[in-house]
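So the structure is just underneath, and the comments pick up after that.
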Amino acid sequence: MCLSAGTAPDWSGSVHRVSQANVELVLRGYWAFVKGDLDAVADMLDPDIEWVAVDPEETTGHESVLAILADRFDDGYRVEIERCVGIGDEVAISFRVAGEERDESDDRPLQTRRYFTVGRYSAVVTVRDGRVTRVQEYPHLEAALEALGIEDEH
């Protein structure tokens with residue numbers, strides 16, 4: 001589920017429009033990533049993007065972020081957005097990463113496969129002037145929403 005949280009009574013219409021545009025940008029980036037169109041993703045990233053991982057390691061810079069995304073794409077996992085919420089310049093997003101395990105000894109084309117969850121990930125994506133300037137990872141969606149001042153209703 002993706003939505004713009006610009007419907008709170010005290011927010012102006014311009015916040016709603018900015019939030020919705022930013023949610024749409026994040027979704028376009030997601031679909032480009034899923035298709036393997038990393039050139040389209042690169043166009044959405046600010047040249048000075050900052051990526052802050054959950055662990056203390058911090059990666060900054062356009063090329064470093066693209067290298068991370070290319071590695072994650074090459075892993076061949078399925079990525080499914082579970083939720084995204086936009087407020088102003090920021091979009092909280094959570095997604096599930098799943099893998100597939102095949103029986104190497106079974107050469108049937110329609111063999112049974114085991115699907116498994118690799119993990120669930122969350123982040124706050126900051127968008128300015130139509131480009132992603134920062135990605136801050138969080139250990140879970142509640143922490144990402146809390147960073148935006150939103151209480152999770154689920």
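Starting from 1 in every chain, residues are counted up; chains themselves are A, B, ... following the order of the structure tokens, and ligands are numbered from 1 as listed.
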
**OP:** For His62 of chain A, list every protein, DNA or RNA residue within 7 Å, evaluated using only C-alpha atoms, and leave out those in the same chain fewer than 2 positions away; present the list as a PyMOL selection string.
**Re:** chain A and resi 47-49+60+64-66

Kindly export the residues of the current selection with N, CA and C atoms, as a CSV table (one decimal), in the first residue's frame.
```csv
chain,number,residue,atom,x,y,z
A,47,PRO,N,23.6,13.5,-7.6
A,47,PRO,CA,25.0,13.1,-7.7
A,47,PRO,C,25.7,13.0,-6.4
A,48,ASP,N,25.2,13.8,-5.4
A,48,ASP,CA,25.7,13.8,-4.0
A,48,ASP,C,24.9,12.9,-3.0
A,49,ILE,N,24.2,11.9,-3.5
A,49,ILE,CA,23.4,11.1,-2.7
A,49,ILE,C,24.1,10.5,-1.5
A,60,THR,N,28.4,6.8,0.7
A,60,THR,CA,27.9,8.0,0.0
A,60,THR,C,28.5,8.0,-1.4
A,64,SER,N,28.9,4.7,-5.7
A,64,SER,CA,28.8,3.7,-4.6
A,64,SER,C,27.4,3.1,-4.5
A,65,VAL,N,26.4,4.0,-4.5
A,65,VAL,CA,25.0,3.6,-4.4
A,65,VAL,C,24.6,2.8,-5.6
A,66,LEU,N,25.0,3.2,-6.8
A,66,LEU,CA,24.7,2.3,-7.9
A,66,LEU,C,25.3,1.0,-7.9
```

Subject >> Contacts of Asp74 of chain A at 12 Å (only C-alpha atoms; same-chain gap of 2+ positions) as a count of residues only >> reply: 14

Original post:
Excluding same-chain residues fewer than 5 positions from segment 121-138 of chain A, what lies within 10 Å of it counting only C-alpha atoms, as a ChimeraX atom specification?
Top reply: /A:18-19,21-23,25-26,29,41-55,58-62,65,81-97,143-145,147-148

**OP:** Apply DSSP to the backbone of this structure and, from chain A, keep only the residues in helix (DSSP H, G or I); write these as an MDAnalysis selection string.
**Re:** chainID A and resid 13:35 38:44 62:74 141:147

**OP:** Work out how far apart atom CA of Glu142 of chain A and atom CA of Asp75 of chain A are and give it in Å to one decimal.
**Re:** 26.7 Å

Original post:
Can you list every residue in chain A that DSSP puts in strand (DSSP E or B), as number ranges by chain?
Top reply: A: 2-4, 45-52, 58-60, 78-87, 90-101, 114-128, 131-138
